[in-house]
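Remarks on the structure that follows.
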Amino acid sequence: MRRTVCGIDFQNPVLLAAGTCGFGEELSDVLSLDDLGGLVTKSVTLEPRAGNPLPRVAEFGGGMINSVGLANPGAAAVRRDRLPWLARNLTRARVLVSVAGHTPDEFVQVVRILDDAPGFQGFELNLSCPNDTHRGGVPFALDPEALPRVVEGVRAITHRPLSVKLAPNTPDLPELAYLAQEAGADAVTLVNTIPGLVLDPRTGNPRVGAGQGGVSGPALLAVGVHALRRARTRIHIPVFGVGGVCNGGDALQYLREGAALVQVGTQSFADPRAAARIIRGLGALHRKGGLPPLPEGVHG
Ligand code: RRO
């Protein structure tokens with residue numbers, strides 16, 4: 001199941017999605033991280049962020065809602081404390097560092113701080129956090145004016161592979177994916193969570209402390225696979241599929257639609273070993289019929 005994507009050699013196509021595995025260490029007691037294709041870290045900002053008021057996650061019938069609010073130790077601490085752990089402990093699994101910011105310059109500064117550190121192979125630029133915005137769930141970086149400034153700014157200072165993570169709740173998703181590609185992205189990650197609101201029916205209070213949040217879980221599978229199909233009409237760079245993957249068959253849906261890699265998110269909260277199970281499931285499907293190759297025109 002090995003595949004090379006954006007010049008990175010992945011032993012299998014299954015990664016843990018950003019925000020669902022911390023910086024790896026948090027899951028290392030329950031899961032053999034080095035058996036995964038890789039992981040994407042929690043999004044890193046320039047300054048440490050304490051995050052949003054508790055509770056930050058809540059389950060509901062359709063899946064999960066979160067408003068973590070980008071809680072992370074900040075770029076300098078990630079370089080000092082977190083990347084060395086990844087460098088010491090992972091030899092086969094690959095690591096992408098997720099980067100977030102309030103301005104194009106903040107993205108550039110984070111990448112500058114981390115770029116020459118060991119412990120990771122590439123960056124995933126999180127342009128789509130639904131919980132760090134004053135615009136009702138539409139982050140600044142999904143603006144067609146702002147997106148190229150972020151991607152070009154980062155592209156100018158790093159040779160590492162860059163994937164750009166977009167949200168499903170933008171009518172012009174294929175156009176944004178195209179703008180990311182033209183600005184120098186090596187890949188696009190589809191999709192982040194969808195903004196939503198879940199209330200306690202007895203009190204009328206929101207179930208997460210910040211009020212609204214990002215919705216994820218099984219229903220996001222259909223949204224993510226659809227986003228992938230739409231975006232692939234406009235871009236030729238690889239796509240990393242994420243949203244609602246609970247088993248090998250779900251992962252295969254993304255691969256059939258042309259995803260180069262698949263990320264597992266919310267399912268890890270229900271079962272921290274979900275990613276290992278999904279790799280086994282894909283392995284069984286692979287032995288039966290082989291996994292779909294990268295689509296024509298998409299280069300590893
Ligand atoms: O931290 C969060 O609240 C968060 C982020 Br950065 C994101 O990209 N997506 C999400 O659902 N939550």
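We name chains A, B, ... following the order of the structure tokens; residues begin at 1 in each chain, and ligands are numbered from 1 as shown.
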
Name all residues at most 12 Å from Gly249 in chain A (count only C-alpha atoms; drop same-chain ones fewer than 3 positions away) and give them as a short mmCIF file (atom, residue, chain, number, x, y, z; two decimals) with N, CA and C atoms, in the first residue's frame.
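Output file selection29.cif follows:
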```cif
data_model
loop_
_atom_site.label_atom_id
_atom_site.label_comp_id
_atom_site.auth_asym_id
_atom_site.auth_seq_id
_atom_site.Cartn_x
_atom_site.Cartn_y
_atom_site.Cartn_z
N LEU A 221 -18.54 12.29 5.66
CA LEU A 221 -18.00 11.47 4.57
C LEU A 221 -18.59 11.88 3.22
N GLY A 244 -15.21 11.96 8.06
CA GLY A 244 -16.14 10.85 8.25
C GLY A 244 -15.62 9.46 7.98
N VAL A 245 -14.30 9.29 7.89
CA VAL A 245 -13.79 7.94 7.60
C VAL A 245 -13.85 7.09 8.87
N CYS A 246 -14.65 6.04 8.83
CA CYS A 246 -14.83 5.15 10.00
C CYS A 246 -14.30 3.74 9.73
N LEU A 252 -11.73 3.80 1.19
CA LEU A 252 -11.69 3.43 -0.23
C LEU A 252 -12.55 4.36 -1.08
N GLN A 253 -13.64 4.88 -0.51
CA GLN A 253 -14.45 5.84 -1.28
C GLN A 253 -13.59 7.04 -1.70
N TYR A 254 -12.83 7.58 -0.74
CA TYR A 254 -11.96 8.71 -1.08
C TYR A 254 -10.92 8.30 -2.13
N LEU A 255 -10.32 7.11 -1.96
CA LEU A 255 -9.28 6.69 -2.90
C LEU A 255 -9.88 6.47 -4.29
N ARG A 256 -11.08 5.91 -4.34
CA ARG A 256 -11.73 5.70 -5.65
C ARG A 256 -12.01 7.02 -6.34
N VAL A 262 -5.59 9.44 2.73
CA VAL A 262 -6.82 9.61 3.49
C VAL A 262 -6.45 9.93 4.93
N ARG A 277 -7.12 -0.05 12.59
CA ARG A 277 -8.18 -0.93 12.06
C ARG A 277 -8.47 -0.59 10.59
N ILE A 278 -8.50 0.69 10.28
CA ILE A 278 -8.80 1.12 8.91
C ILE A 278 -7.68 0.69 7.96
N ILE A 279 -6.43 0.75 8.44
CA ILE A 279 -5.31 0.27 7.61
C ILE A 279 -5.46 -1.23 7.34
N ARG A 280 -5.84 -1.99 8.38
CA ARG A 280 -6.05 -3.44 8.16
C ARG A 280 -7.18 -3.67 7.16
N GLY A 281 -8.26 -2.87 7.31
CA GLY A 281 -9.40 -3.01 6.40
C GLY A 281 -9.01 -2.70 4.96
N LEU A 282 -8.24 -1.64 4.79
CA LEU A 282 -7.79 -1.29 3.43
C LEU A 282 -6.86 -2.37 2.89
N GLY A 283 -6.03 -2.92 3.80
CA GLY A 283 -5.09 -3.98 3.39
C GLY A 283 -5.85 -5.17 2.84
N ALA A 284 -6.94 -5.54 3.51
CA ALA A 284 -7.73 -6.68 3.05
C ALA A 284 -8.33 -6.37 1.67
N LEU A 285 -8.83 -5.14 1.49
CA LEU A 285 -9.40 -4.76 0.20
C LEU A 285 -8.30 -4.75 -0.88
N HIS A 286 -7.11 -4.33 -0.47
CA HIS A 286 -5.98 -4.27 -1.39
C HIS A 286 -5.62 -5.67 -1.89
N LEU A 291 -5.63 -1.37 -4.55
CA LEU A 291 -6.18 -0.03 -4.34
C LEU A 291 -6.08 0.74 -5.64
#
```

Would you mind writing down, as a PyMOL selection string, each residue of range 138-278 of chain A that DSSP on the backbone assigns to alpha helix (DSSP H)? chain A and resi 146-155+173-182+220-232+248-256+267-270+274-278

Interatomic distance, CA of Pro104 in chain A to atom 7 (C, counted along the ligand's line) of ligand 1 (Å, one decimal): 17.0 Å

Exercise answer, 7 Å around ligand 1 with only C-alpha atoms and all ligand atoms, as a PyMOL selection string: chain A and resi 19+43+66-71+126+128-131+192-193+213-215

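Those residues that approach Ser98 in chain A to within 8 Å, counting only C-alpha atoms, are Ala18, Val40, Thr41, Lys42, Ser43, Val44, Leu96, Ala100, Phe123, Glu124, Leu125 and Asn126 of chain A; same-chain residues fewer than 2 positions away are not listed.
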
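Picture a line from CA of Arg287 in chain A to CA of Pro272 in chain A; it runs 25.0 Å.
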
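For Leu39 in chain A, the non-local neighbours within 8 Å, defined as residues at least 4 positions apart in the same chain or in other chains and counting only C-alpha atoms, are Leu15, Leu16, Ala17, Ala18, Cys21, Gly24, Ala93, Arg94, Val95 and Leu96 of chain A.
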
Give me every strand (DSSP E or B) residue in range 46-147 of chain A, going by DSSP on the backbone, as a PyMOL selection string. chain A and resi 49+57-60+63-66+72+94-99+122-126

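Those residues that approach Met1 in chain A to within 7 Å, counting only C-alpha atoms, are Gln11, Asn12 and Pro13 of chain A; same-chain residues fewer than 5 positions away are not listed.
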
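Shortest atom-to-atom contact with Asp172 in chain A among A:Val208, A:Val151, A:Ala227, A:Ala274: A:Ala227, counting only C-alpha atoms.
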
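Separating CA of Pro53 in chain A from CA of Asp29 in chain A is a distance of 27.4 Å.
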
Arg160 in chain A surroundings by only C-alpha atoms, 9 Å radius, close-in-sequence under 4 positions cut, as a compact mmCIF listing (two decimals) with all heavy atoms, in the first residue's frame:
```txt
# COMPACT_ATOMS: atom_id res chain seq x y z
N ASP A 115 10.76 25.52 10.02
CA ASP A 115 11.16 24.91 8.75
C ASP A 115 12.42 24.04 8.83
O ASP A 115 12.46 22.97 8.22
CB ASP A 115 11.33 26.00 7.69
CG ASP A 115 11.35 25.41 6.29
OD1 ASP A 115 10.56 24.50 6.03
OD2 ASP A 115 12.17 25.86 5.47
N GLN A 121 7.99 16.13 7.75
CA GLN A 121 8.33 16.16 6.33
C GLN A 121 7.71 17.35 5.60
O GLN A 121 8.29 17.87 4.65
CB GLN A 121 7.86 14.88 5.64
CG GLN A 121 8.76 13.67 5.88
CD GLN A 121 8.70 13.16 7.31
OE1 GLN A 121 7.63 13.10 7.90
NE2 GLN A 121 9.84 12.80 7.85
N GLY A 122 6.49 17.77 5.99
CA GLY A 122 5.83 18.83 5.23
C GLY A 122 4.87 19.62 6.10
O GLY A 122 4.74 19.36 7.31
N PHE A 123 4.24 20.60 5.48
CA PHE A 123 3.28 21.45 6.19
C PHE A 123 1.87 21.27 5.61
O PHE A 123 1.72 21.07 4.39
CB PHE A 123 3.64 22.93 6.03
CG PHE A 123 4.90 23.35 6.73
CD1 PHE A 123 6.07 23.58 6.02
CD2 PHE A 123 4.92 23.51 8.12
CE1 PHE A 123 7.23 23.98 6.66
CE2 PHE A 123 6.08 23.91 8.77
CZ PHE A 123 7.24 24.14 8.04
N ARG A 155 5.14 29.64 0.41
CA ARG A 155 5.90 28.98 -0.67
C ARG A 155 7.27 29.62 -0.87
O ARG A 155 8.27 28.93 -1.17
CB ARG A 155 5.07 29.06 -1.97
CG ARG A 155 5.69 28.44 -3.19
CD ARG A 155 5.68 26.92 -3.19
NE ARG A 155 6.54 26.29 -2.21
CZ ARG A 155 6.44 25.02 -1.82
NH1 ARG A 155 5.51 24.23 -2.30
NH2 ARG A 155 7.27 24.52 -0.93
```

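For the set A:Gly248, A:Glu59, A:Pro118, A:Lys165, the residue with the smallest atom-to-atom gap to Arg80 in chain A is A:Pro118, counting only C-alpha atoms.
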
Excluding Pro218 in chain A and its own-chain neighbours fewer than 4 positions away, which residues fall within 10 Å of it when counting only C-alpha atoms? Please give them as a PyMOL selection string. chain A and resi 62-64+222-223+243-246+250+266-267

What would the file look like if the residues just selected were written as a PDB file, in the first residue's frame with N, CA and C atoms?
```
ATOM      1  N   GLY A  62     -25.625  13.032  14.954  1.00  0.00           N
ATOM      2  CA  GLY A  62     -24.976  13.051  13.641  1.00  0.00           C
ATOM      3  C   GLY A  62     -23.474  12.949  13.688  1.00  0.00           C
ATOM      4  N   GLY A  63     -22.877  12.955  14.860  1.00  0.00           N
ATOM      5  CA  GLY A  63     -21.421  12.900  14.951  1.00  0.00           C
ATOM      6  C   GLY A  63     -20.914  13.705  16.127  1.00  0.00           C
ATOM      7  N   MET A  64     -20.097  14.694  15.852  1.00  0.00           N
ATOM      8  CA  MET A  64     -19.466  15.456  16.928  1.00  0.00           C
ATOM      9  C   MET A  64     -19.389  16.923  16.532  1.00  0.00           C
ATOM     10  N   ALA A 222     -19.913  12.002   3.173  1.00  0.00           N
ATOM     11  CA  ALA A 222     -20.565  12.345   1.899  1.00  0.00           C
ATOM     12  C   ALA A 222     -20.151  13.741   1.435  1.00  0.00           C
ATOM     13  N   VAL A 223     -19.978  14.640   2.402  1.00  0.00           N
ATOM     14  CA  VAL A 223     -19.581  16.019   2.088  1.00  0.00           C
ATOM     15  C   VAL A 223     -18.149  16.040   1.549  1.00  0.00           C
ATOM     16  N   GLY A 243     -12.713  13.397   6.362  1.00  0.00           N
ATOM     17  CA  GLY A 243     -14.101  13.660   6.727  1.00  0.00           C
ATOM     18  C   GLY A 243     -14.871  12.359   6.836  1.00  0.00           C
ATOM     19  N   GLY A 244     -15.209  11.959   8.055  1.00  0.00           N
ATOM     20  CA  GLY A 244     -16.142  10.852   8.254  1.00  0.00           C
ATOM     21  C   GLY A 244     -15.620   9.462   7.980  1.00  0.00           C
ATOM     22  N   VAL A 245     -14.303   9.290   7.888  1.00  0.00           N
ATOM     23  CA  VAL A 245     -13.787   7.942   7.604  1.00  0.00           C
ATOM     24  C   VAL A 245     -13.846   7.092   8.873  1.00  0.00           C
ATOM     25  N   CYS A 246     -14.654   6.042   8.829  1.00  0.00           N
ATOM     26  CA  CYS A 246     -14.829   5.150   9.995  1.00  0.00           C
ATOM     27  C   CYS A 246     -14.302   3.742   9.735  1.00  0.00           C
ATOM     28  N   ASP A 250     -14.895   3.233   3.824  1.00  0.00           N
ATOM     29  CA  ASP A 250     -14.999   4.702   3.749  1.00  0.00           C
ATOM     30  C   ASP A 250     -13.719   5.285   3.143  1.00  0.00           C
ATOM     31  N   THR A 266     -12.458  12.140  13.507  1.00  0.00           N
ATOM     32  CA  THR A 266     -13.372  11.959  14.625  1.00  0.00           C
ATOM     33  C   THR A 266     -13.453  10.523  15.126  1.00  0.00           C
ATOM     34  N   GLN A 267     -13.304   9.560  14.218  1.00  0.00           N
ATOM     35  CA  GLN A 267     -13.421   8.158  14.634  1.00  0.00           C
ATOM     36  C   GLN A 267     -12.377   7.796  15.694  1.00  0.00           C
TER      37      GLN A 267
END
```
